[in-house]
$ cat upload01.csv   # CSV, C-alpha atoms and all ligand atoms
chain,number,residue,atom,x,y,z
A,8,MET,CA,10.5,-19.8,-5.6
A,9,LYS,CA,12.4,-16.6,-6.1
A,10,ILE,CA,11.9,-13.5,-4.0
A,11,ALA,CA,13.4,-10.2,-4.9
A,12,VAL,CA,14.3,-8.2,-1.8
A,13,LEU,CA,14.5,-4.5,-2.4
A,14,PRO,CA,15.3,-2.7,0.9
A,15,GLY,CA,15.6,0.8,-0.4
A,16,ASP,CA,16.3,3.8,1.8
A,17,GLY,CA,15.9,5.2,5.3
A,18,ILE,CA,14.5,2.5,7.6
A,19,GLY,CA,14.0,0.2,4.6
A,20,PRO,CA,17.1,-2.0,5.2
A,21,GLU,CA,16.4,-2.4,8.9
A,22,ILE,CA,12.8,-3.5,8.5
A,23,THR,CA,13.3,-5.7,5.5
A,24,ALA,CA,16.1,-7.5,7.4
A,25,GLU,CA,13.6,-8.5,10.1
A,26,ALA,CA,11.1,-9.8,7.5
A,27,VAL,CA,13.9,-11.7,5.7
A,28,LYS,CA,14.8,-13.3,9.1
A,29,ILE,CA,11.2,-14.5,9.4
A,30,LEU,CA,11.0,-15.8,5.8
A,31,ASN,CA,14.3,-17.7,6.3
A,32,ALA,CA,12.9,-19.4,9.4
A,33,LEU,CA,9.9,-20.9,7.8
A,34,GLY,CA,11.8,-24.0,6.5
A,35,GLU,CA,10.8,-23.3,2.9
A,36,LYS,CA,13.2,-23.3,0.0
A,37,PHE,CA,13.0,-19.7,-1.0
A,38,GLU,CA,15.7,-18.1,-3.1
A,39,LEU,CA,16.2,-14.5,-1.9
A,40,GLU,CA,18.1,-12.0,-4.0
A,41,GLU,CA,18.7,-8.4,-2.9
A,42,ALA,CA,19.1,-5.4,-5.2
A,43,PRO,CA,19.4,-1.6,-4.7
A,44,VAL,CA,16.4,0.7,-5.3
A,45,GLY,CA,15.4,4.3,-4.7
A,46,GLY,CA,18.2,6.5,-3.3
A,47,ALA,CA,20.3,3.4,-2.9
A,48,GLY,CA,19.8,2.6,-6.6
A,49,TYR,CA,20.9,6.1,-7.5
A,50,GLU,CA,24.0,5.8,-5.4
A,51,ALA,CA,24.9,2.4,-6.8
A,52,GLN,CA,24.0,2.8,-10.4
A,53,GLY,CA,22.9,6.4,-11.0
A,54,HIS,CA,19.2,5.5,-11.3
A,55,PRO,CA,16.5,4.9,-8.7
A,56,LEU,CA,15.3,1.8,-10.6
A,57,PRO,CA,18.5,0.3,-12.1
A,58,ASP,CA,17.9,-2.0,-15.1
A,59,SER,CA,19.4,-4.9,-13.2
A,60,THR,CA,16.9,-4.3,-10.3
A,61,LEU,CA,14.0,-4.1,-12.7
A,62,ALA,CA,15.2,-7.3,-14.4
A,63,LEU,CA,15.3,-9.1,-11.1
A,64,ALA,CA,11.9,-7.9,-10.1
A,65,ARG,CA,10.4,-9.1,-13.4
A,66,GLN,CA,12.0,-12.5,-13.1
A,67,ALA,CA,11.1,-13.1,-9.4
A,68,ASP,CA,7.9,-14.7,-8.2
A,69,ALA,CA,7.3,-12.0,-5.7
A,70,ILE,CA,9.0,-8.8,-4.5
A,71,LEU,CA,9.6,-7.7,-0.9
A,72,PHE,CA,10.0,-3.9,-0.9
A,73,GLY,CA,11.2,-1.8,2.0
A,74,ALA,CA,10.7,2.0,1.4
A,75,VAL,CA,12.3,4.7,-0.7
A,76,GLY,CA,13.0,8.4,-0.2
A,77,ASP,CA,15.3,10.7,1.6
A,78,TRP,CA,15.3,14.5,1.8
A,79,LYS,CA,18.8,14.6,0.4
A,80,TYR,CA,17.5,13.6,-3.0
A,81,ASP,CA,14.9,16.4,-3.1
A,82,LYS,CA,17.0,18.5,-5.4
A,83,LEU,CA,17.5,15.9,-8.1
A,84,GLU,CA,15.3,16.2,-11.2
A,85,ARG,CA,12.1,14.2,-10.7
A,86,ALA,CA,13.1,11.3,-13.0
A,87,LEU,CA,16.0,10.5,-10.7
A,88,ARG,CA,14.2,10.9,-7.3
A,89,PRO,CA,13.8,7.8,-5.2
A,90,GLU,CA,9.9,7.8,-5.5
A,91,GLN,CA,10.4,7.0,-9.2
A,92,ALA,CA,11.5,3.5,-8.2
A,93,ILE,CA,8.2,2.4,-6.7
A,94,LEU,CA,6.2,4.2,-9.3
A,95,GLY,CA,8.3,2.6,-12.1
A,96,LEU,CA,7.9,-0.9,-10.6
A,97,ARG,CA,4.1,-0.4,-10.3
A,98,LYS,CA,3.9,0.7,-13.9
A,99,HIS,CA,6.5,-1.6,-15.6
A,100,LEU,CA,5.1,-4.7,-13.8
A,101,GLN,CA,1.4,-3.5,-14.2
A,102,LEU,CA,0.7,-3.9,-10.5
A,103,PHE,CA,-2.6,-2.2,-10.7
A,104,ALA,CA,-4.4,-3.6,-7.7
A,105,ASN,CA,-3.2,-2.2,-4.3
A,106,PHE,CA,-4.6,-3.9,-1.2
A,107,ARG,CA,-4.2,-1.8,2.0
A,108,PRO,CA,-5.9,-3.5,4.9
A,109,ALA,CA,-6.4,-1.4,8.1
A,110,ILE,CA,-6.8,-3.6,11.1
A,111,CYS,CA,-6.9,-2.3,14.7
A,112,TYR,CA,-5.4,-5.0,17.0
A,113,PRO,CA,-7.2,-5.1,20.3
A,114,GLN,CA,-4.0,-4.6,22.2
A,115,LEU,CA,-3.4,-1.3,20.3
A,116,THR,CA,-6.7,0.5,20.6
A,117,GLY,CA,-5.0,2.8,23.1
A,118,ALA,CA,-2.3,3.7,20.6
A,119,SER,CA,-4.9,5.2,18.2
A,120,SER,CA,-5.6,8.9,18.3
A,121,LEU,CA,-9.3,8.1,18.2
A,122,LYS,CA,-11.5,6.9,21.1
A,123,PRO,CA,-11.2,3.2,21.7
A,124,GLU,CA,-14.9,2.5,21.0
A,125,ILE,CA,-14.6,4.1,17.5
A,126,VAL,CA,-11.6,1.9,16.4
A,127,SER,CA,-11.7,-1.3,18.5
A,128,GLY,CA,-12.3,-4.3,16.2
A,129,LEU,CA,-11.8,-2.2,13.1
A,130,ASP,CA,-11.1,-4.3,10.0
A,131,ILE,CA,-11.3,-2.5,6.6
A,132,LEU,CA,-9.7,-3.0,3.3
A,133,ILE,CA,-8.8,-0.2,0.9
A,134,VAL,CA,-8.4,-1.3,-2.7
A,135,ARG,CA,-6.5,1.4,-4.5
A,136,GLU,CA,-6.1,1.5,-8.3
A,137,LEU,CA,-2.4,1.9,-8.8
A,138,ASN,CA,-1.6,2.3,-12.5
A,139,GLY,CA,-3.7,5.3,-13.6
A,140,ASP,CA,-5.2,8.6,-12.6
A,141,ILE,CA,-3.3,11.9,-12.1
A,142,TYR,CA,-0.2,9.9,-11.0
A,143,PHE,CA,0.5,8.8,-14.6
A,144,GLY,CA,-1.8,10.8,-16.8
A,145,ALA,CA,-0.3,12.6,-19.7
A,146,PRO,CA,0.1,15.4,-20.5
A,147,ARG,CA,1.8,16.9,-17.5
A,148,GLY,CA,4.5,19.5,-17.0
A,149,LEU,CA,5.5,23.0,-16.4
A,150,ARG,CA,4.7,25.7,-19.0
A,151,GLU,CA,3.6,29.2,-19.5
A,152,ALA,CA,-0.2,29.3,-18.9
A,153,PRO,CA,-1.8,29.5,-22.3
A,154,ASP,CA,-5.1,31.1,-21.1
A,155,GLY,CA,-7.2,32.2,-18.2
A,156,PRO,CA,-6.7,35.1,-15.8
A,157,PHE,CA,-3.1,34.1,-15.2
A,158,ALA,CA,-2.2,33.6,-18.9
A,159,GLY,CA,1.6,33.9,-19.4
A,160,ALA,CA,2.4,33.0,-15.8
A,161,LYS,CA,4.4,29.9,-15.0
A,162,GLU,CA,2.0,27.0,-14.4
A,163,GLY,CA,2.2,23.4,-13.5
A,164,PHE,CA,-0.3,20.9,-14.9
A,165,ASP,CA,-1.2,17.2,-14.5
A,166,THR,CA,-4.0,15.1,-16.1
A,167,MET,CA,-6.5,13.0,-14.2
A,168,ARG,CA,-7.7,10.2,-16.5
A,169,TYR,CA,-9.2,6.8,-16.3
A,170,SER,CA,-10.3,4.5,-19.2
A,171,GLU,CA,-13.3,2.3,-18.8
A,172,PRO,CA,-11.4,-1.0,-19.0
A,173,GLU,CA,-9.0,0.3,-16.3
A,174,VAL,CA,-11.9,1.0,-14.0
A,175,ARG,CA,-13.5,-2.3,-14.8
A,176,ARG,CA,-10.5,-4.4,-13.9
A,177,ILE,CA,-10.0,-2.8,-10.5
A,178,ALA,CA,-13.8,-3.0,-10.0
A,179,HIS,CA,-13.6,-6.8,-10.4
A,180,VAL,CA,-10.8,-7.1,-8.0
A,181,ALA,CA,-12.7,-5.1,-5.4
A,182,PHE,CA,-16.0,-6.9,-5.8
A,183,GLN,CA,-14.2,-10.2,-5.5
A,184,ALA,CA,-12.4,-9.0,-2.4
A,185,ALA,CA,-15.7,-7.9,-0.9
A,186,GLN,CA,-17.2,-11.4,-1.7
A,187,LYS,CA,-14.6,-12.9,0.6
A,188,ARG,CA,-15.4,-10.4,3.4
A,189,GLN,CA,-18.6,-8.7,4.6
A,190,LYS,CA,-19.8,-8.2,1.0
A,191,LYS,CA,-20.0,-4.4,1.4
A,192,LEU,CA,-18.2,-2.3,-1.1
A,193,THR,CA,-17.9,1.5,-1.0
A,194,SER,CA,-16.7,3.2,-4.2
A,195,VAL,CA,-15.1,6.5,-3.5
A,196,ASP,CA,-15.0,9.3,-6.1
A,197,LYS,CA,-15.7,12.9,-6.8
A,198,ALA,CA,-18.5,12.5,-9.3
A,199,ASN,CA,-20.1,15.7,-8.3
A,200,VAL,CA,-17.2,17.6,-9.9
A,201,LEU,CA,-15.0,15.3,-12.1
A,202,GLU,CA,-15.7,13.6,-15.4
A,203,THR,CA,-13.2,10.9,-14.5
A,204,SER,CA,-15.2,10.1,-11.4
A,205,GLN,CA,-18.5,10.0,-13.4
A,206,LEU,CA,-17.1,7.3,-15.6
A,207,TRP,CA,-15.7,5.6,-12.5
A,208,ARG,CA,-19.1,5.6,-10.9
A,209,ASP,CA,-21.0,4.5,-14.0
A,210,THR,CA,-18.5,1.6,-14.5
A,211,MET,CA,-18.8,0.5,-10.9
A,212,ILE,CA,-22.6,0.3,-11.3
A,213,GLU,CA,-22.2,-1.7,-14.5
A,214,VAL,CA,-19.8,-4.2,-13.0
A,215,ALA,CA,-22.0,-4.5,-9.8
A,216,LYS,CA,-24.5,-6.4,-11.9
A,217,GLU,CA,-22.2,-9.3,-12.0
A,218,TYR,CA,-21.9,-9.4,-8.2
A,219,PRO,CA,-25.5,-9.3,-6.9
A,220,ASP,CA,-24.3,-10.7,-3.5
A,221,VAL,CA,-22.2,-7.5,-2.9
A,222,GLU,CA,-23.8,-4.3,-1.7
A,223,LEU,CA,-22.3,-1.4,-3.6
A,224,SER,CA,-22.5,2.2,-2.3
A,225,HIS,CA,-20.9,5.4,-3.5
A,226,MET,CA,-19.3,8.1,-1.5
A,227,TYR,CA,-17.7,11.4,-2.4
A,228,VAL,CA,-14.0,11.5,-1.3
A,229,ASP,CA,-14.4,14.5,1.1
A,230,ASN,CA,-17.3,12.7,2.9
A,231,ALA,CA,-15.3,9.5,2.9
A,232,ALA,CA,-12.4,11.3,4.6
A,233,MET,CA,-14.9,12.5,7.2
A,234,GLN,CA,-16.7,9.1,7.7
A,235,LEU,CA,-13.3,7.4,8.1
A,236,VAL,CA,-12.7,9.2,11.4
A,237,LYS,CA,-16.4,9.5,12.4
A,238,ALA,CA,-17.5,5.9,12.0
A,239,PRO,CA,-14.7,3.8,10.4
A,240,LYS,CA,-16.3,0.5,11.3
A,241,ALA,CA,-19.2,1.2,8.9
A,242,PHE,CA,-16.8,0.4,6.0
A,243,ASP,CA,-15.8,-3.1,4.8
A,244,VAL,CA,-14.1,-2.7,1.4
A,245,VAL,CA,-13.3,0.7,-0.1
A,246,VAL,CA,-12.4,0.9,-3.8
A,247,THR,CA,-11.0,4.1,-5.2
A,248,GLY,CA,-8.5,5.7,-7.6
A,249,ASN,CA,-4.8,6.2,-7.3
A,250,MET,CA,-4.8,9.7,-5.8
A,251,PHE,CA,-7.8,9.4,-3.5
A,252,GLY,CA,-6.5,6.0,-2.4
A,253,ASP,CA,-3.1,7.4,-1.5
A,254,ILE,CA,-4.7,9.9,0.8
A,255,LEU,CA,-7.4,7.8,2.3
A,256,SER,CA,-5.1,4.8,3.0
A,257,ASP,CA,-2.8,7.0,5.1
A,258,GLU,CA,-5.8,8.2,7.0
A,259,ALA,CA,-7.2,4.7,7.5
A,260,ALA,CA,-3.7,3.6,8.7
A,261,MET,CA,-3.7,6.1,11.5
A,262,LEU,CA,-7.0,4.7,12.8
A,263,THR,CA,-5.2,1.6,13.8
A,264,GLY,CA,-2.7,3.3,16.1
A,265,SER,CA,0.3,3.4,13.8
A,266,ILE,CA,1.1,3.3,10.1
A,267,GLY,CA,4.0,1.2,11.3
A,268,MET,CA,1.5,-1.8,11.5
A,269,LEU,CA,0.1,-1.8,8.0
A,270,PRO,CA,1.2,-4.1,5.2
A,271,SER,CA,0.2,-3.8,1.6
A,272,ALA,CA,0.1,-5.8,-1.6
A,273,SER,CA,0.3,-4.6,-5.2
A,274,LEU,CA,-0.8,-7.2,-7.6
A,275,ASP,CA,-0.9,-7.7,-11.4
A,276,LYS,CA,-3.6,-9.6,-13.2
A,277,ASP,CA,-2.0,-13.0,-12.4
A,278,ASN,CA,-1.4,-12.2,-8.7
A,279,LYS,CA,2.2,-11.6,-9.0
A,280,GLY,CA,3.0,-9.0,-6.5
A,281,LEU,CA,5.1,-6.4,-4.8
A,282,TYR,CA,4.7,-6.3,-1.0
A,283,GLU,CA,5.6,-3.3,1.1
A,284,PRO,CA,4.8,-1.7,4.3
A,285,SER,CA,2.3,1.2,3.9
A,286,HIS,CA,4.6,3.6,5.6
A,287,GLY,CA,7.6,5.4,4.1
A,288,SER,CA,11.3,5.5,4.6
A,289,ALA,CA,11.3,7.7,7.8
A,290,PRO,CA,14.8,9.1,7.3
A,291,ASP,CA,14.5,10.9,10.7
A,292,ILE,CA,14.8,7.6,12.5
A,293,ALA,CA,16.9,5.7,10.0
A,294,GLY,CA,19.7,3.6,11.4
A,295,LYS,CA,18.6,4.1,15.0
A,296,GLY,CA,17.1,0.6,15.3
A,297,VAL,CA,13.8,1.9,16.6
A,298,ALA,CA,11.5,1.5,13.5
A,299,ASN,CA,8.6,-0.9,13.7
A,300,PRO,CA,9.3,-4.0,11.5
A,301,LEU,CA,5.7,-5.4,11.9
A,302,ALA,CA,4.3,-3.8,8.7
A,303,THR,CA,7.0,-5.4,6.6
A,304,ILE,CA,6.7,-8.8,8.4
A,305,LEU,CA,3.0,-8.7,7.8
A,306,SER,CA,3.7,-7.8,4.1
A,307,ALA,CA,5.8,-10.9,3.9
A,308,ALA,CA,2.7,-12.8,5.2
A,309,MET,CA,0.6,-11.3,2.5
A,310,MET,CA,3.2,-12.3,-0.1
A,311,LEU,CA,3.0,-15.9,1.1
A,312,ARG,CA,-0.7,-15.9,0.8
A,313,TYR,CA,-1.3,-14.0,-2.4
A,314,SER,CA,1.7,-14.8,-4.6
A,315,LEU,CA,3.4,-17.9,-3.3
A,316,GLY,CA,0.4,-20.1,-2.4
A,317,LYS,CA,1.5,-20.6,1.2
A,318,ALA,CA,-1.5,-19.5,3.2
A,319,GLU,CA,-0.6,-21.6,6.2
A,320,GLN,CA,2.7,-20.0,6.6
A,321,ALA,CA,1.0,-16.6,6.3
A,322,ASP,CA,-1.3,-17.6,9.1
A,323,ARG,CA,1.6,-18.6,11.2
A,324,ILE,CA,3.3,-15.2,10.8
A,325,GLU,CA,0.1,-13.3,11.5
A,326,SER,CA,-0.5,-15.4,14.6
A,327,ALA,CA,3.1,-14.8,15.8
A,328,VAL,CA,2.6,-11.0,15.4
A,329,LYS,CA,-0.7,-11.1,17.4
A,330,LYS,CA,1.2,-13.1,20.1
A,331,VAL,CA,4.0,-10.6,20.5
A,332,LEU,CA,1.4,-7.8,20.8
A,333,GLU,CA,-0.3,-9.9,23.5
A,334,GLN,CA,3.1,-10.4,25.2
A,335,GLY,CA,3.3,-6.6,25.4
A,336,TYR,CA,6.2,-6.0,22.9
A,337,ARG,CA,5.9,-2.4,21.5
A,338,THR,CA,8.1,-0.3,19.2
A,339,GLY,CA,8.0,3.4,20.0
A,340,ASP,CA,5.2,4.2,17.5
A,341,ILE,CA,2.8,1.8,19.2
A,342,ALA,CA,3.9,2.3,22.7
A,343,THR,CA,1.0,1.8,25.2
A,344,ALA,CA,1.0,2.2,29.0
A,345,ASP,CA,1.0,-1.5,29.6
A,346,GLY,CA,3.7,-2.5,27.0
A,347,LYS,CA,7.5,-2.8,26.9
A,348,VAL,CA,9.2,-0.7,24.4
A,349,VAL,CA,11.7,-2.6,22.2
A,350,GLY,CA,13.8,-1.8,19.1
A,351,THR,CA,13.5,-3.1,15.5
A,352,LYS,CA,15.7,-6.2,16.1
A,353,GLU,CA,14.1,-7.1,19.4
A,354,MET,CA,10.7,-7.0,17.8
A,355,GLY,CA,11.8,-9.2,14.9
A,356,ASP,CA,13.4,-11.6,17.4
A,357,ALA,CA,10.2,-11.7,19.4
A,358,VAL,CA,8.2,-12.6,16.3
A,359,LEU,CA,10.7,-15.3,15.4
A,360,LYS,CA,10.4,-16.8,18.9
A,361,ALA,CA,6.6,-16.7,18.7
A,362,LEU,CA,6.8,-18.4,15.3
B,401,LIG,C1,2.4,5.3,-1.2
B,401,LIG,C2,3.4,6.4,-1.3
B,401,LIG,C3,3.8,6.6,-2.8
B,401,LIG,C4,2.5,7.0,-3.5
B,401,LIG,C5,4.9,7.6,-3.0
B,401,LIG,C6,6.2,7.2,-2.3
B,401,LIG,C7,5.2,7.7,-4.5
B,401,LIG,O1,2.9,7.6,-0.7
B,401,LIG,O2,2.8,4.2,-1.6
B,401,LIG,O3,1.3,5.6,-0.8
B,401,LIG,O4,2.2,8.2,-3.5
B,401,LIG,O5,1.9,6.1,-4.0
B,402,MG,MG,1.0,7.3,0.2

$ encode --input "upload01.csv" --output "structure tokens"
Amino acid sequence: MKIAVLPGDGIGPEITAEAVKILNALGEKFELEEAPVGGAGYEAQGHPLPDSTLALARQADAILFGAVGDWKYDKLERALRPEQAILGLRKHLQLFANFRPAICYPQLTGASSLKPEIVSGLDILIVRELNGDIYFGAPRGLREAPDGPFAGAKEGFDTMRYSEPEVRRIAHVAFQAAQKRQKKLTSVDKANVLETSQLWRDTMIEVAKEYPDVELSHMYVDNAAMQLVKAPKAFDVVVTGNMFGDILSDEAAMLTGSIGMLPSASLDKDNKGLYEPSHGSAPDIAGKGVANPLATILSAAMMLRYSLGKAEQADRIESAVKKVLEQGYRTGDIATADGKVVGTKEMGDAVLKAL
């Protein structure tokens, strides 16, 4: 099995190196091939998603992705900025189903900014649609406003759109995920204001008929943002669009103590996937050896489970991560009073030892 390793920018190379170390220790015959992406792709080949990197990603059975982005590319035209790498991979490979679990490990309840009783035992899953919405909707651009009170002024515009089959396919993914968990699905939208959301909601209700064992509820996105900090444990699976999912998944991540703990999977219809930590490239701490590699290591575990059919190996990695947390190993982002703070490499080594 072939795994494309795309470390990217900022802390990306440091954290993927630790995940690769773990993958290589499993005793499996994986073929790992690395390629530049994001700012690194731009430096190497003049484009954030070089053709050769995209070709490797297409050909691989799974993709392990670090992170992209750095302030130094902010002045480039949008098409050449690092973020286009991840957006391009999602679009080209039709990775429409994004799984973002938020689990609060018992050892880390103290690292959350919320009271322990609100977050302890938290285990929710955000299913974010990843190929549509205002992220990719055309038309978009900059122009002279054609009408309205500011006609003639410079204006930026984007288009939020979802087609029924697009909503339907993510609905099926979410319902099936809920079936494997507590069978509670909350669909998040803004149906009180947006047409896109009305179609989203109607389609969810339609698809729900095929899953009578799952309890479907609906929530407006503003209320969902509030409920996530008020009573997050009331959620099981949340399904939402690309834009709302981007925002809510960062919020959910923070409930767990640190976004540095959260893995993610982005899957196509055949479960081929790209696996990446939910956090970004953190250029401010890049190269310092202090980043938390656990989200990337846990992403590798998701890869084994969802795309490579190696659930047992995934369990081994997840158990090893729990063990190092029990042993008190902490990177700076999850530092707790009772833990010992270690760097990126030491954390990777501790997981390796536990494995
Ligand atoms: C994420 C990130 C990306 C997104 C950026 C880097 C384009 O925030 O994966 O959540 O907005 O989807
Ligand atoms: Mg985001």

$ residues_around --input "upload01.csv" --residues "region 112-122 of chain A" --least-positions-apart "2" --cutoff "10 Å" --atoms "only C-alpha atoms" --output "compact mmCIF listing (two decimals) with C-alpha atoms, keeping the file's coordinate frame"
# COMPACT_ATOMS: atom_id res chain seq x y z
CA ALA A 109 -6.40 -1.40 8.10
CA ILE A 110 -6.80 -3.60 11.10
CA GLU A 124 -14.90 2.50 21.00
CA ILE A 125 -14.60 4.10 17.50
CA VAL A 126 -11.60 1.90 16.40
CA SER A 127 -11.70 -1.30 18.50
CA GLY A 128 -12.30 -4.30 16.20
CA LEU A 129 -11.80 -2.20 13.10
CA ASP A 130 -11.10 -4.30 10.00
CA VAL A 236 -12.70 9.20 11.40
CA LYS A 237 -16.40 9.50 12.40
CA ALA A 260 -3.70 3.60 8.70
CA MET A 261 -3.70 6.10 11.50
CA LEU A 262 -7.00 4.70 12.80
CA THR A 263 -5.20 1.60 13.80
CA GLY A 264 -2.70 3.30 16.10
CA SER A 265 0.30 3.40 13.80
CA MET A 268 1.50 -1.80 11.50
CA LYS A 329 -0.70 -11.10 17.40
CA LEU A 332 1.40 -7.80 20.80
CA GLU A 333 -0.30 -9.90 23.50
CA GLN A 334 3.10 -10.40 25.20
CA GLY A 335 3.30 -6.60 25.40
CA ARG A 337 5.90 -2.40 21.50
CA ASP A 340 5.20 4.20 17.50
CA ILE A 341 2.80 1.80 19.20
CA ALA A 342 3.90 2.30 22.70
CA THR A 343 1.00 1.80 25.20
CA ALA A 344 1.00 2.20 29.00
CA ASP A 345 1.00 -1.50 29.60
CA GLY A 346 3.70 -2.50 27.00

$ closest_residue --input "upload01.csv" --among "A:Tyr142, A:Phe164, A:Phe182, A:Trp78" --to "ligand MG 402 (chain B)" --atoms "all atoms listed in the file"
A:Tyr142

$ residues_near_ligand --input "upload01.csv" --ligand "ligand MG 402 (chain B)" --cutoff "10 Å" --atoms "all atoms listed in the file" --output "PDB file with C-alpha atoms, in the frame of the given file"
ATOM      1  CA  ASN A 249      -4.800   6.200  -7.300  1.00  0.00           C
ATOM      2  CA  MET A 250      -4.800   9.700  -5.800  1.00  0.00           C
ATOM      3  CA  PHE A 251      -7.800   9.400  -3.500  1.00  0.00           C
ATOM      4  CA  GLY A 252      -6.500   6.000  -2.400  1.00  0.00           C
ATOM      5  CA  ASP A 253      -3.100   7.400  -1.500  1.00  0.00           C
ATOM      6  CA  ILE A 254      -4.700   9.900   0.800  1.00  0.00           C
ATOM      7  CA  LEU A 255      -7.400   7.800   2.300  1.00  0.00           C
ATOM      8  CA  SER A 256      -5.100   4.800   3.000  1.00  0.00           C
ATOM      9  CA  ASP A 257      -2.800   7.000   5.100  1.00  0.00           C
ATOM     10  CA  GLU A 258      -5.800   8.200   7.000  1.00  0.00           C
ATOM     11  CA  SER A 285       2.300   1.200   3.900  1.00  0.00           C
ATOM     12  CA  HIS A 286       4.600   3.600   5.600  1.00  0.00           C
ATOM     13  CA  GLY A 287       7.600   5.400   4.100  1.00  0.00           C
TER      14      GLY A 287
END

$ residues_around --input "upload01.csv" --residues "region 310-314 of chain A" --least-positions-apart "5" --cutoff "6 Å" --atoms "only C-alpha atoms" --output "list of chain:residue names"
A:Asn278, A:Lys279, A:Ala321

$ atom_distance --input "upload01.csv" --atom1 "CA of Ala11 (chain A)" --atom2 "atom C4 of ligand LIG 401 (chain B)"
20.4 Å

$ atom_distance --input "upload01.csv" --atom1 "CA of Lys79 (chain A)" --atom2 "CA of Ser306 (chain A)"
27.3 Å

$ closest_residue --input "upload01.csv" --among "A:Lys347, A:Arg97, A:Arg147, A:Lys360" --to "ligand LIG 401 (chain B)" --atoms "all atoms listed in the file"
A:Arg97

$ residues_around --input "upload01.csv" --residues "Val44 (chain A)" --least-positions-apart "5" --cutoff "10 Å" --atoms "all atoms listed in the file" --output "ChimeraX atom specification"
/A:12-16,49-52,54-57,60-61,72-76,89-93

$ closest_residue --input "upload01.csv" --among "A:Ala160, A:Ala272, A:Ala26, A:Ile70" --to "ligand LIG 401 (chain B)" --atoms "all atoms listed in the file"
A:Ala272

$ closest_residue --input "upload01.csv" --among "A:Gly34, A:Val200, A:Pro108, A:Pro284" --to "Asp229 (chain A)" --atoms "all atoms listed in the file"
A:Val200

$ decode --input "upload01.csv" --residues "region 93-135 of chain A" --atoms "C-alpha atoms" --output "tab-separated table (two decimals), in the first residue's frame"
chain	number	residue	atom	x	y	z
A	93	ILE	CA	-5.46	21.67	0.50
A	94	LEU	CA	-8.50	23.15	-1.25
A	95	GLY	CA	-7.21	21.77	-4.57
A	96	LEU	CA	-6.62	18.29	-3.17
A	97	ARG	CA	-10.11	18.22	-1.64
A	98	LYS	CA	-11.66	19.28	-4.94
A	99	HIS	CA	-9.56	17.27	-7.41
A	100	LEU	CA	-9.87	14.06	-5.41
A	101	GLN	CA	-13.52	14.72	-4.53
A	102	LEU	CA	-12.89	14.36	-0.83
A	103	PHE	CA	-16.33	15.57	0.17
A	104	ALA	CA	-16.75	13.98	3.59
A	105	ASN	CA	-14.71	15.48	6.38
A	106	PHE	CA	-14.71	13.73	9.74
A	107	ARG	CA	-13.57	15.84	12.68
A	108	PRO	CA	-13.91	14.01	15.97
A	109	ALA	CA	-13.58	16.00	19.19
A	110	ILE	CA	-12.70	13.80	22.13
A	111	CYS	CA	-11.74	15.12	25.53
A	112	TYR	CA	-9.26	12.72	27.07
A	113	PRO	CA	-9.81	12.40	30.84
A	114	GLN	CA	-6.18	13.42	31.54
A	115	LEU	CA	-6.70	16.68	29.66
A	116	THR	CA	-9.93	18.01	31.14
A	117	GLY	CA	-7.77	20.53	33.02
A	118	ALA	CA	-6.33	21.83	29.75
A	119	SER	CA	-9.73	22.92	28.43
A	120	SER	CA	-10.83	26.50	28.91
A	121	LEU	CA	-14.23	25.20	30.04
A	122	LYS	CA	-15.13	23.72	33.42
A	123	PRO	CA	-14.17	20.04	33.73
A	124	GLU	CA	-17.76	18.87	34.28
A	125	ILE	CA	-18.81	20.45	30.97
A	126	VAL	CA	-16.15	18.68	28.88
A	127	SER	CA	-15.07	15.52	30.70
A	128	GLY	CA	-16.02	12.47	28.67
A	129	LEU	CA	-16.85	14.58	25.62
A	130	ASP	CA	-16.95	12.53	22.41
A	131	ILE	CA	-18.56	14.21	19.43
A	132	LEU	CA	-18.07	13.92	15.70
A	133	ILE	CA	-18.43	16.77	13.25
A	134	VAL	CA	-19.14	15.70	9.69
A	135	ARG	CA	-18.34	18.65	7.46
